Every structure is written in structure tokens, then in C-alpha cells.
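Enquirer: Next up, work_11.txt (compact mmCIF, C-alpha atoms and all ligand atoms).
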# COMPACT_ATOMS: atom_id res chain seq x y z
CA MET A 9 -0.71 -3.04 -18.70
CA PRO A 10 -3.80 -4.44 -16.96
CA THR A 11 -4.96 -2.52 -13.92
CA PRO A 12 -3.50 -4.22 -10.83
CA PHE A 13 -5.77 -5.92 -8.31
CA ALA A 14 -4.48 -3.59 -5.61
CA ARG A 15 -2.65 -0.31 -5.92
CA MET A 16 -1.09 1.60 -3.03
CA THR A 17 0.01 5.14 -3.78
CA GLY A 18 2.04 7.43 -1.52
CA LEU A 19 1.16 5.55 1.64
CA PHE A 20 2.20 7.05 4.94
CA LYS A 21 1.39 5.76 8.39
CA THR A 22 2.41 7.66 11.48
CA TYR A 23 1.89 6.37 15.00
CA ASN A 24 1.88 8.67 17.99
CA LEU A 25 3.10 6.99 21.11
CA GLY A 26 3.66 8.86 24.36
CA GLY A 27 4.58 12.13 22.63
CA ALA A 28 6.88 10.44 20.12
CA THR A 29 5.89 10.01 16.48
CA ILE A 30 6.88 6.88 14.61
CA GLN A 31 6.88 6.84 10.80
CA ALA A 32 5.94 3.22 10.13
CA LEU A 33 5.34 3.83 6.40
CA ASN A 34 7.15 6.52 4.54
CA GLY A 35 5.61 6.93 1.09
CA VAL A 36 5.01 3.41 -0.18
CA ASP A 37 3.95 2.86 -3.81
CA MET A 38 3.12 -0.73 -4.63
CA ASP A 39 1.01 -2.69 -7.11
CA ILE A 40 -0.31 -6.16 -6.46
CA GLU A 41 -1.29 -7.91 -9.69
CA ALA A 42 -4.45 -9.99 -9.79
CA GLY A 43 -3.67 -13.64 -9.23
CA SER A 44 -0.12 -12.95 -8.06
CA PHE A 45 1.74 -14.47 -5.12
CA SER A 46 3.49 -11.43 -3.70
CA VAL A 47 6.09 -11.69 -1.00
CA ILE A 48 6.99 -8.51 0.86
CA MET A 49 10.34 -8.89 2.59
CA GLY A 50 11.60 -6.61 5.32
CA PRO A 51 13.50 -6.80 8.62
CA SER A 52 11.66 -6.50 11.92
CA GLY A 53 10.21 -3.02 12.39
CA SER A 54 10.30 -2.13 8.68
CA GLY A 55 6.51 -1.67 8.48
CA LYS A 56 5.38 -5.02 7.07
CA SER A 57 2.48 -5.59 9.47
CA THR A 58 1.40 -1.97 9.15
CA LEU A 59 1.28 -2.31 5.36
CA LEU A 60 -0.73 -5.53 5.53
CA HIS A 61 -3.18 -4.03 8.03
CA LEU A 62 -3.80 -1.11 5.68
CA LEU A 63 -4.25 -3.39 2.66
CA GLY A 64 -6.66 -5.55 4.66
CA GLY A 65 -8.70 -2.60 5.88
CA LEU A 66 -7.81 -3.25 9.53
CA ASP A 67 -6.39 0.24 9.82
CA ARG A 68 -6.28 3.44 7.78
CA PRO A 69 -3.30 5.30 6.34
CA THR A 70 -2.30 8.72 7.66
CA ASN A 71 -1.88 9.73 4.04
CA GLY A 72 -2.09 8.11 0.62
CA ARG A 73 -4.46 5.92 -1.36
CA ILE A 74 -5.31 2.24 -1.44
CA GLU A 75 -7.38 0.90 -4.30
CA VAL A 76 -8.53 -2.71 -4.29
CA GLY A 77 -10.62 -3.76 -7.26
CA ALA A 78 -13.00 -0.87 -7.78
CA GLN A 79 -12.89 0.21 -4.13
CA MET A 80 -10.93 3.11 -2.68
CA LEU A 81 -10.31 1.85 0.84
CA ASP A 82 -9.36 5.26 2.21
CA LYS A 83 -12.77 6.58 1.16
CA LEU A 84 -14.90 3.79 2.65
CA ASP A 85 -16.81 4.41 5.86
CA GLU A 86 -16.47 2.01 8.78
CA ASN A 87 -19.39 -0.10 7.68
CA ALA A 88 -18.19 -0.48 4.10
CA LEU A 89 -14.68 -1.24 5.34
CA ALA A 90 -16.04 -4.00 7.58
CA ILE A 91 -17.81 -5.51 4.57
CA TYR A 92 -14.58 -5.28 2.55
CA ARG A 93 -12.68 -7.12 5.32
CA ARG A 94 -15.30 -9.81 5.53
CA LYS A 95 -15.93 -10.44 1.85
CA THR A 96 -12.70 -9.67 0.05
CA VAL A 97 -9.95 -10.49 2.53
CA GLY A 98 -8.78 -13.58 4.38
CA PHE A 99 -6.17 -12.98 7.10
CA ILE A 100 -3.53 -15.36 8.42
CA PHE A 101 -1.45 -14.25 11.41
CA GLN A 102 1.88 -15.38 12.83
CA SER A 103 0.26 -16.40 16.11
CA PHE A 104 -2.72 -18.16 14.46
CA ASN A 105 -5.28 -16.12 16.48
CA LEU A 106 -7.69 -19.01 16.99
CA LEU A 107 -10.31 -18.80 19.73
CA PRO A 108 -9.03 -21.20 22.40
CA THR A 109 -12.42 -22.32 23.72
CA MET A 110 -13.74 -23.32 20.29
CA THR A 111 -13.10 -26.44 18.27
CA ALA A 112 -11.28 -26.25 14.94
CA VAL A 113 -14.51 -26.52 12.97
CA ASP A 114 -16.19 -23.78 15.00
CA ASN A 115 -13.17 -21.51 14.53
CA VAL A 116 -13.39 -22.02 10.76
CA ALA A 117 -17.17 -21.47 10.70
CA LEU A 118 -17.00 -18.28 12.78
CA PRO A 119 -16.39 -15.75 9.96
CA MET A 120 -19.39 -17.17 8.09
CA ARG A 121 -21.85 -16.15 10.77
CA PHE A 122 -22.58 -12.88 8.97
CA ALA A 123 -23.33 -14.61 5.70
CA ARG A 124 -26.89 -15.70 5.06
CA VAL A 125 -26.25 -19.37 5.62
CA SER A 126 -27.72 -21.66 8.23
CA ARG A 127 -25.68 -22.92 11.14
CA ARG A 128 -25.80 -26.38 9.63
CA GLU A 129 -24.47 -25.20 6.26
CA ARG A 130 -21.72 -23.20 7.96
CA HIS A 131 -20.69 -26.33 9.82
CA GLU A 132 -20.67 -28.46 6.64
CA GLN A 133 -18.70 -25.82 4.76
CA ALA A 134 -16.17 -25.52 7.61
CA LEU A 135 -15.68 -29.30 7.59
CA LYS A 136 -14.98 -29.15 3.84
CA LEU A 137 -12.41 -26.41 4.36
CA LEU A 138 -10.70 -28.41 7.11
CA ASP A 139 -10.59 -31.37 4.76
CA LYS A 140 -9.00 -29.14 2.14
CA VAL A 141 -6.13 -28.27 4.52
CA GLY A 142 -5.70 -31.92 5.51
CA LEU A 143 -7.32 -31.70 8.94
CA ALA A 144 -10.62 -33.55 8.52
CA ASP A 145 -9.65 -35.80 11.42
CA ARG A 146 -8.99 -32.91 13.80
CA ALA A 147 -12.26 -31.00 13.36
CA TYR A 148 -13.35 -31.38 16.99
CA HIS A 149 -9.99 -30.65 18.56
CA LYS A 150 -9.44 -27.37 20.36
CA PRO A 151 -6.37 -25.26 19.50
CA THR A 152 -4.40 -26.49 22.55
CA GLN A 153 -4.91 -30.06 21.32
CA LEU A 154 -3.25 -29.23 18.00
CA SER A 155 0.39 -28.67 16.99
CA GLY A 156 1.47 -25.23 15.80
CA GLY A 157 1.46 -26.39 12.19
CA GLN A 158 -2.05 -27.80 12.59
CA GLN A 159 -3.29 -24.61 14.24
CA GLN A 160 -1.96 -22.60 11.32
CA ARG A 161 -3.76 -24.98 8.92
CA VAL A 162 -6.98 -24.26 10.79
CA ALA A 163 -6.22 -20.55 10.41
CA VAL A 164 -5.70 -21.02 6.66
CA ALA A 165 -9.06 -22.83 6.45
CA ARG A 166 -10.68 -20.00 8.42
CA SER A 167 -9.19 -17.40 6.06
CA LEU A 168 -11.11 -19.13 3.24
CA ALA A 169 -14.44 -19.10 5.06
CA ASN A 170 -16.03 -16.34 2.98
CA ASP A 171 -14.23 -17.33 -0.22
CA PRO A 172 -12.08 -14.17 -0.39
CA GLN A 173 -10.19 -13.03 -3.48
CA LEU A 174 -7.28 -11.74 -1.43
CA ILE A 175 -5.32 -13.74 1.17
CA LEU A 176 -3.03 -11.72 3.44
CA ALA A 177 -0.53 -13.57 5.61
CA ASP A 178 1.64 -11.88 8.24
CA GLU A 179 4.76 -14.00 8.92
CA PRO A 180 2.63 -17.16 8.67
CA THR A 181 5.58 -19.48 9.32
CA GLY A 182 7.22 -17.34 12.00
CA ASN A 183 6.14 -19.56 14.90
CA LEU A 184 6.58 -22.88 13.10
CA ASP A 185 9.35 -25.45 12.72
CA LEU A 186 10.89 -25.79 9.25
CA SER A 187 8.78 -28.64 8.01
CA SER A 188 5.41 -27.27 9.22
CA GLY A 189 6.42 -23.90 7.79
CA ALA A 190 7.18 -25.46 4.42
CA SER A 191 3.81 -27.20 4.35
CA ILE A 192 2.00 -23.92 5.14
CA MET A 193 3.90 -22.29 2.27
CA ARG A 194 2.82 -25.10 -0.08
CA LEU A 195 -0.76 -24.63 1.08
CA LEU A 196 -0.59 -20.88 0.33
CA SER A 197 0.91 -21.71 -3.04
CA GLU A 198 -2.05 -24.01 -3.79
CA LEU A 199 -4.44 -21.17 -2.94
CA HIS A 200 -2.53 -18.98 -5.34
CA LYS A 201 -2.74 -21.62 -8.07
CA SER A 202 -6.48 -21.89 -7.53
CA GLY A 203 -6.73 -18.25 -8.60
CA ARG A 204 -6.53 -16.22 -5.42
CA THR A 205 -4.23 -13.27 -4.95
CA VAL A 206 -1.86 -14.01 -2.07
CA VAL A 207 0.31 -11.48 -0.22
CA VAL A 208 2.77 -12.74 2.39
CA VAL A 209 4.98 -10.50 4.50
CA THR A 210 8.06 -12.05 6.04
CA HIS A 211 11.73 -11.59 6.86
CA ASP A 212 12.42 -15.16 5.73
CA ALA A 213 14.03 -15.33 2.27
CA ARG A 214 12.88 -18.95 1.85
CA MET A 215 9.35 -17.68 1.35
CA THR A 216 10.22 -16.12 -2.00
CA ARG A 217 10.38 -19.57 -3.56
CA TYR A 218 6.70 -19.51 -4.55
CA ALA A 219 6.51 -15.78 -5.24
CA THR A 220 5.58 -14.29 -8.60
CA GLN A 221 6.60 -10.88 -7.25
CA THR A 222 8.98 -9.94 -4.44
CA VAL A 223 9.05 -6.46 -2.91
CA HIS A 224 11.64 -5.31 -0.36
CA ILE A 225 10.98 -2.70 2.30
CA ILE A 226 13.30 -0.99 4.76
CA ASP A 227 12.20 1.69 7.25
CA GLY A 228 8.77 1.99 5.67
CA GLN A 229 10.04 2.47 2.13
CA VAL A 230 10.25 0.23 -0.91
CA VAL A 231 13.88 -0.41 -1.88
CA THR A 232 15.58 -2.42 -4.63
CA GLU A 233 16.88 -5.90 -3.88
CA ALA A 234 20.47 -4.61 -4.12
CA GLU A 235 19.74 -1.85 -1.57
CA TYR A 236 18.03 -4.40 0.66
CA GLU A 237 21.02 -6.78 0.56
CA ALA A 238 23.39 -3.90 1.29
CA VAL A 239 21.39 -2.79 4.36
CA LEU A 240 21.15 -6.35 5.68
CA ALA A 241 24.89 -6.86 5.18
CA SER A 242 25.69 -3.68 7.12
CA LEU A 243 23.35 -4.78 9.92
CA ASP A 244 25.16 -8.14 10.03
CA GLU A 245 28.48 -6.34 10.24
CA GLU A 246 27.30 -4.17 13.15
CA MET A 247 26.14 -7.30 14.97
CA GLY A 248 29.53 -8.91 14.37
CA GLU A 249 31.35 -5.90 15.79
CA GLU A 250 29.13 -5.88 18.87
CA GLU A 251 29.89 -9.54 19.48
CA GLU A 252 33.65 -8.88 19.18
CA GLU A 253 33.44 -6.04 21.71
CA GLN A 254 31.79 -8.25 24.33
N1 LIG A 301 0.19 0.51 17.16
C1 LIG A 301 1.42 1.05 17.10
N2 LIG A 301 1.74 2.13 17.86
C2 LIG A 301 2.95 2.69 17.81
N3 LIG A 301 3.97 2.24 17.02
C3 LIG A 301 3.72 1.16 16.26
C4 LIG A 301 2.44 0.50 16.26
N4 LIG A 301 2.50 -0.54 15.39
C5 LIG A 301 3.75 -0.52 14.88
N5 LIG A 301 4.48 0.48 15.39
C6 LIG A 301 5.87 0.83 15.03
O1 LIG A 301 5.90 1.03 13.62
C7 LIG A 301 7.08 0.44 13.06
C8 LIG A 301 6.67 -0.62 12.04
O2 LIG A 301 6.05 -1.69 12.73
P1 LIG A 301 5.49 -3.00 12.03
O3 LIG A 301 4.63 -2.60 10.89
O4 LIG A 301 4.87 -3.84 13.07
O5 LIG A 301 6.83 -3.66 11.46
P2 LIG A 301 7.15 -5.19 11.07
O6 LIG A 301 5.87 -5.91 10.94
O7 LIG A 301 7.94 -5.08 9.80
O8 LIG A 301 8.01 -5.74 12.18
C9 LIG A 301 7.88 -0.09 14.22
O9 LIG A 301 8.82 0.90 14.58
C10 LIG A 301 6.86 -0.28 15.30
O10 LIG A 301 7.44 -0.17 16.56
MG MG A 302 5.14 -7.57 11.87
Represent the supplied structure as C-alpha cells.
Expert:
Amino acid sequence: MPTPFARMTGLFKTYNLGGATIQALNGVDMDIEAGSFSVIMGPSGSGKSTLLHLLGGLDRPTNGRIEVGAQMLDKLDENALAIYRRKTVGFIFQSFNLLPTMTAVDNVALPMRFARVSRRERHEQALKLLDKVGLADRAYHKPTQLSGGQQQRVAVARSLANDPQLILADEPTGNLDLSSGASIMRLLSELHKSGRTVVVVTHDARMTRYATQTVHIIDGQVVTEAEYEAVLASLDEEMGEEEEEQ
């Protein structure tokens, strides 16, 4: 077996909120193979965003280990973690997270400002990335002048700014209509085919279509597909009963 691109071992994440503790992750073990398209499925509140934040170095686990390439994320200091985020990871969020006052091309160029490239080169490179996602003709539009699907395309282009090996997407189609969502999925699939490792978290089963690996999580734990289906079915049943009572 080749060593996986990313390996998470015994991951726990506990949040303390107003005296209450919340176990967002409860001992997750997961491998992400190099060059895979991994889809992590889980209902709302199951810990998907938490897991992605840890993998992307946006947050640290309460316990457990995360290895990406040769790096042990839990051992990196803040500075090294910032470099990891910038060089290795591209993030795509459900709500696009574009800066509203900046044009599309400036949003895409923004993550490159730490790299040793001139402003002019950053601009040229950002235009190329926008062209790649089919938005060459919207480069000077601001986010409010773009549709949701177009804004997410800009966000995909931005995620590629520093040519990362790992693309992490948190419910990337959650705010989109079906057809824009499908085109974002195709775009992510193209990135995967070009050799990047892509991890998408979602509660939408349609996303598994392009996956080379699907992992299911419930209540911060990895479960089998059969367990997952059983839990979802019992949730559906509860909802049905509540509707009947009303
Ligand atoms: N910053 C936080 N502080 C306190 N609780 C949090 C925080 N982030 C997430 N949680 C809680 O952790 C659990 C998992 O959340 P999250 O990872 O966002 O799930 P998902 O993305 O699957 O909806 C939820 O119960 C959520 O309320
Ligand atoms: Mg989430």
C-alpha cells in the first residue's frame, strides 16, 4: 500500500461553549489517497466542516494526528501552519467568501500576494485562472454583479492561485441551483483529473458521482454506508411522525 497523501488518526475536536462541551469529532481515522476525489458525506452537525478545517490547517485538533505529505500538522507552529495553508491547500466555501469590494480578478490574485511575484504577474495569472473556469469575460465584475454559480467559479479560480496539491471544498454547491451546482462539480472533477487531490464535504448524495472514495460520518465518527443509511432512514421516520402529530 502506498502511503496516503493525508492520514488522520484518532482525531478528536471538542468545543467549549458557554460551559457546555460539544464533541464535534469523536475519534476519526481517515486516509486520503494522493490524487483521489474524496467525498465525505454527513448530515448537518456531523462534524464535516470541523474535519475540513483541521485538514486545511485552519484549526487544530483537541487530540489526534494529521499527517499531510511529510508534514505533521499538529506539530507545526503557527507560522509553519500558515505556510501550509497558503502553499498546499486551496479552500472553497459554501458561501463563496469573496471580498465584495474587489473585482473577480483581484479576488483571485489576492492569495498570491505573499508569493514573490510582481503585481502585474499576479494579475496575468489571475486572468488565466478565470479563463480556466470559464469567466474570462467577467474579470472586472464585482461579486454582487455575478450569479451564485459565477461567484463560486471565481472562488474555485482563487483556490488555485498558489497551485495547491490539495483542494478542500465545504458544501460547495450548497447555495447553488441544480445546474450551477452540477457545473461546479464538473469543474472540481477536472481539477481532480489534472492531478490534484480533492476533498469535498457535503450532505448531498449527488456529489458522490465523481468520487473515487466516499466516507460517511455521523456524530463525529466514521460509519459504514449501511450504518449511515440506517441512521438517515430513522431520522426520516422521526420527521414523518412529527408531521403526523401536527
Ligand atoms: N466554533 C464552534 N464552537 C462551538 N461548537 C461548534 C463550533 N463549530 C462547530 N460546532 C459544533 O460542532 C458540531 C459539528 O459542527 P460542524 O463541523 O460545523 O458540522 P457540519 O459541518 O457537519 O454541519 C455541531 O454540533 C456544531 O454545533
Ligand atoms: Mg458544515
Enquirer: Point out the residue among A:Ile74, A:Leu59, A:Ala90, A:Leu186 with the least atom-to-atom distance to Thr22 in chain A, counting only C-alpha atoms.
Expert: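 Of A:Ile74, A:Leu59, A:Ala90, A:Leu186, the one nearest Thr22 in chain A is A:Leu59, counting only C-alpha atoms.
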Enquirer: Do you know which residues are within 12 Å of ligand LIG 301 (chain A) using all atoms listed in the file? Can you write them as a PyMOL selection string?
Expert: chain A and resi 20-34+48-62+66-68+101-102+177-180+182+208-212+224-229
Enquirer: CA of Pro119 in chain A and CA of Asp171 in chain A, how far apart in Å?
Expert: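 About the pair CA of Asp171 in chain A and CA of Pro119 in chain A: they are 10.5 Å apart.
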Enquirer: Given the choices A:Ser46, A:Asn115, A:Asn71, A:Thr11, which gets closest to Thr205 in chain A if the distance is worked out from all atoms listed in the file?
Expert: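 Ranked by minimum distance to Thr205 in chain A, first place goes to A:Ser46.
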Enquirer: Would you kindly return, as a PDB file with C-alpha atoms, in the coordinates of the input, each protein, DNA or RNA residue with an atom no farther than 8 Å from any atom of range 134-151 of chain A, considering all atoms listed in the file and excluding same-chain residues fewer than 5 positions away?
Expert:
ATOM      1  CA  LEU A 106      -7.690 -19.010  16.990  1.00  0.00           C
ATOM      2  CA  LEU A 107     -10.310 -18.800  19.730  1.00  0.00           C
ATOM      3  CA  PRO A 108      -9.030 -21.200  22.400  1.00  0.00           C
ATOM      4  CA  THR A 109     -12.420 -22.320  23.720  1.00  0.00           C
ATOM      5  CA  MET A 110     -13.740 -23.320  20.290  1.00  0.00           C
ATOM      6  CA  THR A 111     -13.100 -26.440  18.270  1.00  0.00           C
ATOM      7  CA  ALA A 112     -11.280 -26.250  14.940  1.00  0.00           C
ATOM      8  CA  VAL A 113     -14.510 -26.520  12.970  1.00  0.00           C
ATOM      9  CA  ASP A 114     -16.190 -23.780  15.000  1.00  0.00           C
ATOM     10  CA  VAL A 116     -13.390 -22.020  10.760  1.00  0.00           C
ATOM     11  CA  ALA A 117     -17.170 -21.470  10.700  1.00  0.00           C
ATOM     12  CA  GLN A 158      -2.050 -27.800  12.590  1.00  0.00           C
ATOM     13  CA  GLN A 159      -3.290 -24.610  14.240  1.00  0.00           C
ATOM     14  CA  ARG A 161      -3.760 -24.980   8.920  1.00  0.00           C
ATOM     15  CA  VAL A 162      -6.980 -24.260  10.790  1.00  0.00           C
ATOM     16  CA  VAL A 164      -5.700 -21.020   6.660  1.00  0.00           C
ATOM     17  CA  ALA A 165      -9.060 -22.830   6.450  1.00  0.00           C
ATOM     18  CA  ARG A 166     -10.680 -20.000   8.420  1.00  0.00           C
ATOM     19  CA  LEU A 168     -11.110 -19.130   3.240  1.00  0.00           C
ATOM     20  CA  ALA A 169     -14.440 -19.100   5.060  1.00  0.00           C
ATOM     21  CA  LEU A 195      -0.760 -24.630   1.080  1.00  0.00           C
TER      22      LEU A 195
END
Enquirer: What does the distance between CA of Met80 in chain A and CA of Ala219 in chain A come to in Å, to one decimal place?
Expert: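 CA of Ala219 in chain A lies at a distance of 25.8 Å from CA of Met80 in chain A.
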Enquirer: For Phe13 in chain A, please output as number ranges by chain all residues within 9 Å (counting only C-alpha atoms; exclusion window: fewer than 6 positions along the same chain).
Expert: A: 39-43, 75-78, 205
Enquirer: To one decimal place, how far is CA of Arg73 in chain A from CA of Thr17 in chain A in Å?
Expert: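 Between these atoms lies a distance of 5.1 Å.
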Enquirer: Looking at A:Ala238, A:Leu89, A:Met120, A:Val207, which one is nearest to Val223 in chain A, with distances taken over all atoms listed in the file?
Expert: A:Val207
Enquirer: Would you mind putting N, CA and C atoms back on range 194-205 of chain A and writing the result as a PDB file, in the frame of the given file?
Expert:
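Just written: result.pdb:
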ATOM      1  N   ARG A 194       3.389 -24.349   1.054  1.00  0.00           N
ATOM      2  CA  ARG A 194       2.820 -25.100  -0.080  1.00  0.00           C
ATOM      3  C   ARG A 194       1.310 -24.890  -0.147  1.00  0.00           C
ATOM      4  N   LEU A 195       0.691 -24.849   1.025  1.00  0.00           N
ATOM      5  CA  LEU A 195      -0.760 -24.630   1.080  1.00  0.00           C
ATOM      6  C   LEU A 195      -1.105 -23.245   0.491  1.00  0.00           C
ATOM      7  N   LEU A 196      -0.342 -22.236   0.867  1.00  0.00           N
ATOM      8  CA  LEU A 196      -0.590 -20.880   0.330  1.00  0.00           C
ATOM      9  C   LEU A 196      -0.367 -20.870  -1.173  1.00  0.00           C
ATOM     10  N   SER A 197       0.635 -21.628  -1.614  1.00  0.00           N
ATOM     11  CA  SER A 197       0.910 -21.710  -3.040  1.00  0.00           C
ATOM     12  C   SER A 197      -0.259 -22.366  -3.790  1.00  0.00           C
ATOM     13  N   GLU A 198      -0.865 -23.380  -3.177  1.00  0.00           N
ATOM     14  CA  GLU A 198      -2.050 -24.010  -3.790  1.00  0.00           C
ATOM     15  C   GLU A 198      -3.196 -23.008  -3.912  1.00  0.00           C
ATOM     16  N   LEU A 199      -3.378 -22.192  -2.882  1.00  0.00           N
ATOM     17  CA  LEU A 199      -4.440 -21.170  -2.940  1.00  0.00           C
ATOM     18  C   LEU A 199      -4.175 -20.206  -4.079  1.00  0.00           C
ATOM     19  N   HIS A 200      -2.913 -19.862  -4.239  1.00  0.00           N
ATOM     20  CA  HIS A 200      -2.530 -18.980  -5.340  1.00  0.00           C
ATOM     21  C   HIS A 200      -2.856 -19.651  -6.680  1.00  0.00           C
ATOM     22  N   LYS A 201      -2.495 -20.920  -6.800  1.00  0.00           N
ATOM     23  CA  LYS A 201      -2.740 -21.620  -8.070  1.00  0.00           C
ATOM     24  C   LYS A 201      -4.222 -21.769  -8.364  1.00  0.00           C
ATOM     25  N   SER A 202      -5.037 -21.774  -7.303  1.00  0.00           N
ATOM     26  CA  SER A 202      -6.480 -21.890  -7.530  1.00  0.00           C
ATOM     27  C   SER A 202      -7.092 -20.535  -7.906  1.00  0.00           C
ATOM     28  N   GLY A 203      -6.239 -19.512  -8.047  1.00  0.00           N
ATOM     29  CA  GLY A 203      -6.730 -18.250  -8.600  1.00  0.00           C
ATOM     30  C   GLY A 203      -6.811 -17.091  -7.627  1.00  0.00           C
ATOM     31  N   ARG A 204      -6.463 -17.335  -6.375  1.00  0.00           N
ATOM     32  CA  ARG A 204      -6.530 -16.220  -5.420  1.00  0.00           C
ATOM     33  C   ARG A 204      -5.254 -15.388  -5.477  1.00  0.00           C
ATOM     34  N   THR A 205      -5.391 -14.140  -5.064  1.00  0.00           N
ATOM     35  CA  THR A 205      -4.230 -13.270  -4.950  1.00  0.00           C
ATOM     36  C   THR A 205      -3.711 -13.415  -3.517  1.00  0.00           C
TER      37      THR A 205
END
